[in-house]
file query_36.cif (mmCIF, C-alpha atoms and all ligand atoms)
data_structure
#
loop_
_atom_site.label_atom_id
_atom_site.label_comp_id
_atom_site.auth_asym_id
_atom_site.auth_seq_id
_atom_site.Cartn_x
_atom_site.Cartn_y
_atom_site.Cartn_z
CA MET A 1 7.65 1.14 1.09
CA PRO A 2 4.38 0.13 2.69
CA GLU A 3 1.89 -0.73 -0.07
CA LEU A 4 -1.76 -1.78 0.09
CA PRO A 5 -1.18 -5.18 1.79
CA ASP A 6 1.13 -3.63 4.41
CA VAL A 7 -1.26 -0.76 5.14
CA GLU A 8 -4.15 -3.22 5.36
CA GLY A 9 -2.11 -4.94 8.09
CA PHE A 10 -1.72 -1.60 9.94
CA ARG A 11 -5.47 -0.99 9.53
CA ARG A 12 -6.31 -4.35 11.08
CA HIS A 13 -3.85 -3.69 13.90
CA ALA A 14 -5.44 -0.31 14.62
CA ALA A 15 -8.95 -1.79 14.41
CA ALA A 16 -8.01 -4.56 16.85
CA THR A 17 -6.23 -2.35 19.40
CA SER A 18 -7.24 1.32 19.21
CA LEU A 19 -10.97 1.77 18.67
CA HIS A 20 -13.42 3.30 21.18
CA LYS A 21 -10.74 4.48 23.58
CA GLN A 22 -10.64 8.07 24.70
CA ILE A 23 -7.67 9.98 23.33
CA VAL A 24 -6.09 11.96 26.16
CA GLN A 25 -2.90 13.23 24.58
CA VAL A 26 -1.24 13.56 21.19
CA ARG A 27 2.54 13.91 21.27
CA VAL A 28 4.37 14.98 18.16
CA SER A 29 8.16 14.68 18.24
CA GLU A 30 8.56 15.44 14.51
CA ALA A 31 6.22 18.23 13.37
CA ARG A 32 7.33 17.70 9.77
CA MET A 33 5.25 14.49 9.73
CA LEU A 34 2.14 16.69 9.93
CA GLU A 35 0.68 18.20 6.79
CA GLU A 36 -1.19 21.49 7.00
CA ILE A 37 -1.78 21.23 10.74
CA SER A 38 0.28 22.16 13.79
CA PRO A 39 0.90 19.71 16.66
CA GLN A 40 -1.20 22.00 18.91
CA SER A 41 -4.17 22.03 16.53
CA LEU A 42 -3.99 18.26 16.06
CA GLY A 43 -4.01 17.80 19.84
CA ARG A 44 -6.98 20.15 20.25
CA LYS A 45 -8.85 18.35 17.47
CA LEU A 46 -8.31 14.83 18.87
CA ASN A 47 -8.23 15.24 22.66
CA GLY A 48 -11.36 13.78 24.23
CA ARG A 49 -12.35 11.97 21.03
CA GLN A 50 -11.97 8.33 20.08
CA PHE A 51 -11.22 6.48 16.88
CA GLU A 52 -14.56 5.00 15.88
CA ARG A 53 -13.63 2.92 12.85
CA THR A 54 -10.87 2.35 10.34
CA LEU A 55 -10.85 2.64 6.55
CA ARG A 56 -8.15 2.24 3.98
CA HIS A 57 -7.85 3.75 0.53
CA GLY A 58 -4.81 2.61 -1.43
CA LYS A 59 -1.79 3.21 0.77
CA TYR A 60 -3.67 5.57 3.13
CA LEU A 61 -5.12 4.56 6.48
CA LEU A 62 -8.09 6.60 7.73
CA LEU A 63 -9.16 6.70 11.36
CA ASP A 64 -12.68 8.03 11.90
CA THR A 65 -12.62 10.58 14.74
CA GLY A 66 -16.39 11.14 14.74
CA ASP A 67 -15.73 14.54 13.13
CA GLY A 68 -13.65 13.82 10.06
CA TYR A 69 -10.76 11.45 9.59
CA LEU A 70 -7.16 11.32 10.67
CA VAL A 71 -5.19 10.13 7.63
CA LEU A 72 -1.88 8.31 7.95
CA HIS A 73 0.52 7.71 5.08
CA PHE A 74 3.60 5.64 5.75
CA GLY A 75 6.14 6.98 3.25
CA MET A 76 9.08 4.66 2.58
CA SER A 77 9.48 3.02 5.95
CA GLY A 78 6.57 3.84 8.25
CA SER A 79 4.48 1.60 10.47
CA LEU A 80 2.01 1.62 13.33
CA GLN A 81 2.28 -0.07 16.69
CA MET A 82 0.10 -0.22 19.79
CA VAL A 83 2.31 0.09 22.83
CA SER A 84 1.55 -0.25 26.52
CA GLY A 85 3.85 1.10 29.21
CA SER A 86 6.26 3.94 28.76
CA LYS A 87 8.86 2.41 26.45
CA LEU A 88 8.27 3.57 22.88
CA PRO A 89 9.72 1.89 19.80
CA GLN A 90 12.62 3.53 17.98
CA TYR A 91 11.58 6.07 15.31
CA THR A 92 8.29 6.91 17.05
CA ARG A 93 7.30 10.31 15.62
CA VAL A 94 3.70 10.77 16.72
CA GLU A 95 1.91 9.20 19.70
CA PHE A 96 -1.80 8.92 20.33
CA HIS A 97 -2.26 8.22 24.04
CA PHE A 98 -5.46 6.67 25.34
CA ALA A 99 -7.13 6.93 28.75
CA GLY A 100 -5.83 4.26 31.08
CA ASP A 101 -2.89 2.63 29.37
CA GLY A 102 -1.88 2.35 25.76
CA CYS A 103 -0.55 4.48 22.99
CA LEU A 104 -0.78 4.08 19.25
CA ALA A 105 2.69 4.92 17.95
CA TYR A 106 3.30 6.11 14.41
CA LEU A 107 6.82 5.17 13.41
CA SER A 108 8.83 6.52 10.51
CA ARG A 109 12.54 5.88 10.19
CA ARG A 110 13.12 8.15 7.19
CA LEU A 111 10.53 10.83 8.07
CA LEU A 112 8.84 10.49 4.69
CA GLY A 113 5.28 9.72 5.72
CA HIS A 114 2.63 12.27 6.52
CA ILE A 115 -0.40 12.77 8.70
CA PHE A 116 -3.31 15.07 8.02
CA LEU A 117 -7.05 15.53 8.50
CA VAL A 118 -9.88 15.27 5.98
CA GLN A 119 -13.63 15.49 6.32
CA ASP A 120 -14.27 12.31 4.35
CA ARG A 121 -12.76 9.79 1.93
CA GLY A 122 -13.82 11.93 -1.04
CA GLU A 123 -11.64 14.78 0.21
CA LEU A 124 -8.63 12.45 0.48
CA VAL A 125 -9.23 11.10 -3.05
CA GLU A 126 -9.43 14.61 -4.45
CA LYS A 127 -6.53 16.02 -2.44
CA LYS A 128 -4.13 13.24 -3.44
CA GLN A 129 -5.64 12.60 -6.90
CA LEU A 130 -6.27 8.93 -6.20
CA GLY A 131 -7.98 6.37 -8.37
CA PRO A 132 -10.24 3.72 -6.85
CA ASP A 133 -8.70 1.42 -4.24
CA ALA A 134 -6.94 -1.49 -5.99
CA LEU A 135 -8.68 -4.09 -3.82
CA ALA A 136 -12.15 -2.53 -3.75
CA VAL A 137 -12.37 -1.64 -7.46
CA ASP A 138 -14.62 -3.93 -9.55
CA ALA A 139 -13.50 -5.66 -12.74
CA GLU A 140 -15.48 -3.44 -15.08
CA ARG A 141 -14.11 -0.16 -13.73
CA PHE A 142 -10.57 -1.55 -13.54
CA CYS A 143 -10.65 -2.70 -17.19
CA GLU A 144 -12.19 0.60 -18.36
CA ARG A 145 -9.45 2.60 -16.67
CA PHE A 146 -6.58 0.45 -17.96
CA ALA A 147 -8.06 0.37 -21.49
CA GLU A 148 -7.60 4.15 -21.68
CA LYS A 149 -4.04 4.08 -20.40
CA LYS A 150 -0.82 4.21 -22.43
CA GLY A 151 2.73 3.28 -21.47
CA SER A 152 4.29 0.35 -19.68
CA LEU A 153 2.25 -2.04 -17.60
CA LYS A 154 4.43 -1.62 -14.51
CA THR A 155 4.17 2.18 -14.60
CA ALA A 156 0.38 1.92 -15.02
CA LEU A 157 0.03 -0.46 -12.06
CA MET A 158 1.99 1.96 -9.89
CA ASP A 159 0.03 5.04 -11.03
CA GLN A 160 -1.97 5.99 -7.92
CA SER A 161 -4.36 8.09 -9.99
CA LEU A 162 -5.33 5.03 -12.07
CA ILE A 163 -5.79 2.60 -9.17
CA ALA A 164 -4.47 3.27 -5.68
CA GLY A 165 -2.40 0.96 -3.50
CA ILE A 166 0.17 -0.83 -5.66
CA GLY A 167 3.84 0.22 -5.62
CA ASN A 168 7.16 -1.17 -6.77
CA VAL A 169 7.18 -4.48 -4.90
CA TYR A 170 3.61 -5.60 -5.56
CA SER A 171 3.62 -4.51 -9.21
CA ASP A 172 6.61 -6.83 -9.69
CA GLU A 173 4.75 -9.67 -7.99
CA ILE A 174 1.58 -9.13 -10.06
CA LEU A 175 3.59 -9.05 -13.31
CA PHE A 176 5.50 -12.18 -12.32
CA GLN A 177 2.28 -14.03 -11.46
CA LEU A 178 0.50 -12.87 -14.64
CA PRO A 179 3.15 -13.41 -16.22
CA ALA A 180 4.09 -10.38 -18.31
CA HIS A 181 7.16 -8.26 -18.91
CA PRO A 182 6.95 -4.94 -16.98
CA ARG A 183 7.58 -2.97 -20.20
CA THR A 184 4.57 -4.52 -21.94
CA ASP A 185 2.52 -1.71 -23.49
CA VAL A 186 -0.83 -1.45 -21.69
CA HIS A 187 -2.36 -0.58 -25.05
CA SER A 188 -1.46 -4.02 -26.43
CA LEU A 189 -3.75 -5.76 -23.92
CA ASP A 190 -7.21 -6.81 -25.13
CA GLY A 191 -10.31 -7.24 -22.99
CA LYS A 192 -9.40 -10.76 -22.01
CA ASP A 193 -5.84 -9.73 -21.01
CA LEU A 194 -7.21 -6.87 -18.88
CA ARG A 195 -9.62 -9.23 -17.14
CA LYS A 196 -6.71 -11.56 -16.39
CA LEU A 197 -4.67 -8.61 -15.08
CA TYR A 198 -7.57 -7.66 -12.78
CA ASN A 199 -7.92 -11.22 -11.48
CA THR A 200 -4.17 -11.45 -10.87
CA CYS A 201 -4.11 -8.13 -8.97
CA GLN A 202 -6.96 -9.32 -6.76
CA ARG A 203 -5.37 -12.72 -6.17
CA VAL A 204 -1.92 -11.30 -5.32
CA LEU A 205 -3.32 -8.60 -3.00
CA LYS A 206 -5.63 -11.01 -1.17
CA THR A 207 -2.95 -13.70 -0.87
CA THR A 208 -0.31 -11.31 0.45
CA ILE A 209 -2.77 -9.77 2.95
CA ARG A 210 -3.62 -13.28 4.15
CA HIS A 211 0.12 -13.87 4.66
CA HIS A 212 0.47 -10.57 6.59
CA ALA A 213 2.53 -8.97 3.78
CA ASN A 214 5.44 -10.86 5.29
CA PRO A 215 7.95 -12.15 2.70
CA ASP A 216 8.82 -15.08 4.99
CA GLU A 217 5.20 -16.27 4.97
CA MET A 218 4.54 -16.07 1.22
CA PRO A 219 3.50 -19.12 -0.82
CA SER A 220 6.40 -20.93 -2.50
CA GLY A 221 5.59 -19.65 -6.01
CA TYR A 222 6.06 -15.99 -5.00
CA LEU A 223 8.82 -13.65 -6.09
CA LEU A 224 8.61 -11.47 -2.95
CA PRO A 225 10.93 -13.43 -0.63
CA ARG A 226 13.56 -13.72 -3.37
CA ARG A 227 13.67 -10.19 -4.73
CA ASN A 228 16.33 -8.78 -2.42
CA THR A 229 18.60 -11.77 -2.25
CA ASN A 230 19.82 -12.26 -5.83
CA GLY A 231 17.39 -15.17 -5.85
CA HIS A 232 16.26 -17.54 -8.55
CA CYS A 233 12.85 -17.83 -10.20
CA PRO A 234 10.59 -20.07 -8.10
CA ARG A 235 9.17 -21.53 -11.35
CA CYS A 236 12.15 -22.17 -13.62
CA ASP A 237 15.17 -21.47 -11.38
CA THR A 238 16.62 -18.84 -13.77
CA PRO A 239 18.50 -16.11 -11.83
CA LEU A 240 16.21 -13.09 -11.33
CA LYS A 241 17.22 -9.90 -13.06
CA LYS A 242 16.89 -6.19 -12.21
CA ILE A 243 15.85 -3.82 -14.99
CA LYS A 244 14.83 -0.15 -15.08
CA VAL A 245 11.24 0.65 -16.01
CA GLY A 246 10.00 4.23 -15.86
CA GLY A 247 12.82 5.17 -13.48
CA ARG A 248 12.08 2.32 -11.07
CA THR A 249 13.90 -0.96 -10.56
CA ALA A 250 11.84 -3.99 -11.50
CA VAL A 251 12.79 -7.53 -10.54
CA ILE A 252 11.84 -10.08 -13.19
CA CYS A 253 12.49 -13.62 -14.32
CA PRO A 254 13.97 -13.03 -17.80
CA ARG A 255 12.71 -16.43 -18.94
CA CYS A 256 9.10 -16.38 -17.61
CA GLN A 257 8.50 -12.68 -18.36
CA ARG A 258 9.59 -12.01 -21.94
CA LYS A 259 8.96 -8.74 -23.70
CA GLY A 260 6.28 -8.97 -26.35
CA GLU A 261 4.69 -12.02 -24.79
CA THR A 262 1.67 -11.06 -22.76
CA SER A 263 -0.43 -13.26 -20.56
CA LYS A 264 -1.93 -15.04 -23.60
CA LYS A 265 0.94 -17.55 -23.52
CA SER A 266 -0.11 -19.02 -20.24
CA GLN A 267 -3.85 -19.19 -20.83
ZN ZN B 301 11.17 -18.17 -14.47
#

call {"tool": "encode", "arguments": {"input": "query_36.cif", "output": "structure tokens", "more": "lines below"}}
Ligand SMILES: [Zn+2]
result
Amino acid sequence: MPELPDVEGFRRHAAATSLHKQIVQVRVSEARMLEEISPQSLGRKLNGRQFERTLRHGKYLLLDTGDGYLVLHFGMSGSLQMVSGSKLPQYTRVEFHFAGDGCLAYLSRRLLGHIFLVQDRGELVEKKQLGPDALAVDAERFCERFAEKKGSLKTALMDQSLIAGIGNVYSDEILFQLPAHPRTDVHSLDGKDLRKLYNTCQRVLKTTIRHHANPDEMPSGYLLPRRNTNGHCPRCDTPLKKIKVGGRTAVICPRCQRKGETSKKSQ
């Protein structure tokens, strides 16, 4: 599922390819991708306009239309691709065609993403009950929010209303880098632990964005390229293990991430 680093990649792609071009047609081949708007209304709203800038909040990409924002969410398998010519990629569901040549294609294999309009970022935050963006949030606010939270650390990291942008894959990476067991109780973390958690979140998000959220490009000490291959821990070579945490599957190194041992061990 596209998480903050993936969506940041889509944002940069849209910013590099699709700004300041007149939109001449919007084609919707799967109306169920649209939320609270019909294909006809979306076309009427966007035709003749241009995308003026891009924003991202958590896993949401916002394209400024000059009169509100088009919001794209990528569900489990979505992506965005600028295409020229008439051949569209497989799973193209919505197309934004520009004057001249070029079309920004919204792809979704499993039809789980959604597209809608908001007036501003505040409306998106309210509508989807989002916390601050995980990359933009400052240390103080991050620590305050986590200090009030109960439950497992992994579940808290993935809670979009606490901070927005981190999902299953990147919460595993953050907990591996910290290191901490995903079932660690958030309440057991003191101020110093929370500060370390914040710094690790920032470092992992920035590093993975720099490496284009591509598992094949990750630094050698990262879990990401090994998580789907029955891999071994890049630190101690112990076989990685899958465990259930809050209904989700976490990948951990059972030796580096022991329950009851928080980040204090490695300080
Ligand atoms: Zn290990």

call {"tool": "residues_near_ligand", "arguments": {"input": "query_36.cif", "ligand": "ligand ZN 301 (chain B)", "cutoff": "6 Å", "atoms": "only C-alpha atoms and all ligand atoms", "output": "ChimeraX atom specification"}}
result
/A:233,235-236,238,253,255-256

call {"tool": "closest_residue", "arguments": {"input": "query_36.cif", "among": "A:Glu35, A:Glu30, A:Asp101, A:Asp6", "to": "Arg56 of chain A", "atoms": "only C-alpha atoms"}}
result
A:Asp6

call {"tool": "closest_residue", "arguments": {"input": "query_36.cif", "among": "A:Arg93, A:Arg44, A:Lys127, A:Lys206", "to": "Gln81 of chain A", "atoms": "only C-alpha atoms"}}
result
A:Arg93

call {"tool": "residues_near_point", "arguments": {"input": "query_36.cif", "point": "(-10.3, 11.5, 8.1)", "cutoff": "12 Å", "atoms": "all atoms listed in the file", "output": "mmCIF file with C-alpha atoms, keeping the file's coordinate frame"}}
result
data_model
loop_
_atom_site.group_PDB
_atom_site.id
_atom_site.type_symbol
_atom_site.label_atom_id
_atom_site.label_comp_id
_atom_site.auth_asym_id
_atom_site.auth_seq_id
_atom_site.Cartn_x
_atom_site.Cartn_y
_atom_site.Cartn_z
ATOM 1 C CA LYS A 45 -8.850 18.350 17.470
ATOM 2 C CA LEU A 46 -8.310 14.830 18.870
ATOM 3 C CA PHE A 51 -11.220 6.480 16.880
ATOM 4 C CA GLU A 52 -14.560 5.000 15.880
ATOM 5 C CA ARG A 53 -13.630 2.920 12.850
ATOM 6 C CA THR A 54 -10.870 2.350 10.340
ATOM 7 C CA LEU A 55 -10.850 2.640 6.550
ATOM 8 C CA ARG A 56 -8.150 2.240 3.980
ATOM 9 C CA HIS A 57 -7.850 3.750 0.530
ATOM 10 C CA TYR A 60 -3.670 5.570 3.130
ATOM 11 C CA LEU A 61 -5.120 4.560 6.480
ATOM 12 C CA LEU A 62 -8.090 6.600 7.730
ATOM 13 C CA LEU A 63 -9.160 6.700 11.360
ATOM 14 C CA ASP A 64 -12.680 8.030 11.900
ATOM 15 C CA THR A 65 -12.620 10.580 14.740
ATOM 16 C CA GLY A 66 -16.390 11.140 14.740
ATOM 17 C CA ASP A 67 -15.730 14.540 13.130
ATOM 18 C CA GLY A 68 -13.650 13.820 10.060
ATOM 19 C CA TYR A 69 -10.760 11.450 9.590
ATOM 20 C CA LEU A 70 -7.160 11.320 10.670
ATOM 21 C CA VAL A 71 -5.190 10.130 7.630
ATOM 22 C CA LEU A 72 -1.880 8.310 7.950
ATOM 23 C CA HIS A 73 0.520 7.710 5.080
ATOM 24 C CA ILE A 115 -0.400 12.770 8.700
ATOM 25 C CA PHE A 116 -3.310 15.070 8.020
ATOM 26 C CA LEU A 117 -7.050 15.530 8.500
ATOM 27 C CA VAL A 118 -9.880 15.270 5.980
ATOM 28 C CA GLN A 119 -13.630 15.490 6.320
ATOM 29 C CA ASP A 120 -14.270 12.310 4.350
ATOM 30 C CA ARG A 121 -12.760 9.790 1.930
ATOM 31 C CA GLY A 122 -13.820 11.930 -1.040
ATOM 32 C CA GLU A 123 -11.640 14.780 0.210
ATOM 33 C CA LEU A 124 -8.630 12.450 0.480
ATOM 34 C CA VAL A 125 -9.230 11.100 -3.050
#

call {"tool": "closest_residue", "arguments": {"input": "query_36.cif", "among": "A:Arg109, A:Ala164, A:Leu194, A:Lys21", "to": "His97 of chain A", "atoms": "only C-alpha atoms"}}
result
A:Lys21

call {"tool": "residues_near_point", "arguments": {"input": "query_36.cif", "point": "(6.2, 16.7, 6.5)", "cutoff": "12 Å", "atoms": "only C-alpha atoms", "output": "PDB file with C-alpha atoms, in the frame of the given file"}}
result
ATOM      1  CA  VAL A  28       4.370  14.980  18.160  1.00  0.00           C
ATOM      2  CA  GLU A  30       8.560  15.440  14.510  1.00  0.00           C
ATOM      3  CA  ALA A  31       6.220  18.230  13.370  1.00  0.00           C
ATOM      4  CA  ARG A  32       7.330  17.700   9.770  1.00  0.00           C
ATOM      5  CA  MET A  33       5.250  14.490   9.730  1.00  0.00           C
ATOM      6  CA  LEU A  34       2.140  16.690   9.930  1.00  0.00           C
ATOM      7  CA  GLU A  35       0.680  18.200   6.790  1.00  0.00           C
ATOM      8  CA  GLU A  36      -1.190  21.490   7.000  1.00  0.00           C
ATOM      9  CA  ILE A  37      -1.780  21.230  10.740  1.00  0.00           C
ATOM     10  CA  SER A  38       0.280  22.160  13.790  1.00  0.00           C
ATOM     11  CA  PRO A  39       0.900  19.710  16.660  1.00  0.00           C
ATOM     12  CA  LEU A  72      -1.880   8.310   7.950  1.00  0.00           C
ATOM     13  CA  HIS A  73       0.520   7.710   5.080  1.00  0.00           C
ATOM     14  CA  PHE A  74       3.600   5.640   5.750  1.00  0.00           C
ATOM     15  CA  GLY A  75       6.140   6.980   3.250  1.00  0.00           C
ATOM     16  CA  ARG A  93       7.300  10.310  15.620  1.00  0.00           C
ATOM     17  CA  SER A 108       8.830   6.520  10.510  1.00  0.00           C
ATOM     18  CA  ARG A 110      13.120   8.150   7.190  1.00  0.00           C
ATOM     19  CA  LEU A 111      10.530  10.830   8.070  1.00  0.00           C
ATOM     20  CA  LEU A 112       8.840  10.490   4.690  1.00  0.00           C
ATOM     21  CA  GLY A 113       5.280   9.720   5.720  1.00  0.00           C
ATOM     22  CA  HIS A 114       2.630  12.270   6.520  1.00  0.00           C
ATOM     23  CA  ILE A 115      -0.400  12.770   8.700  1.00  0.00           C
ATOM     24  CA  PHE A 116      -3.310  15.070   8.020  1.00  0.00           C
TER      25      PHE A 116
END

call {"tool": "residues_around", "arguments": {"input": "query_36.cif", "residues": "segment 131-138 of chain A", "least_positions_apart": "2", "cutoff": "6 Å", "atoms": "only C-alpha atoms", "output": "short mmCIF file (atom, residue, chain, number, x, y, z; two decimals) with C-alpha atoms, in the coordinates of the input"}}
result
data_model
loop_
_atom_site.label_atom_id
_atom_site.label_comp_id
_atom_site.auth_asym_id
_atom_site.auth_seq_id
_atom_site.Cartn_x
_atom_site.Cartn_y
_atom_site.Cartn_z
CA HIS A 57 -7.85 3.75 0.53
CA GLY A 58 -4.81 2.61 -1.43
CA GLU A 140 -15.48 -3.44 -15.08
CA ARG A 141 -14.11 -0.16 -13.73
CA SER A 161 -4.36 8.09 -9.99
CA LEU A 162 -5.33 5.03 -12.07
CA ILE A 163 -5.79 2.60 -9.17
CA ALA A 164 -4.47 3.27 -5.68
CA GLY A 165 -2.40 0.96 -3.50
#

call {"tool": "closest_residue", "arguments": {"input": "query_36.cif", "among": "A:Asn214, A:Cys143, A:Met82, A:Pro89", "to": "Asp193 of chain A", "atoms": "only C-alpha atoms"}}
result
A:Cys143
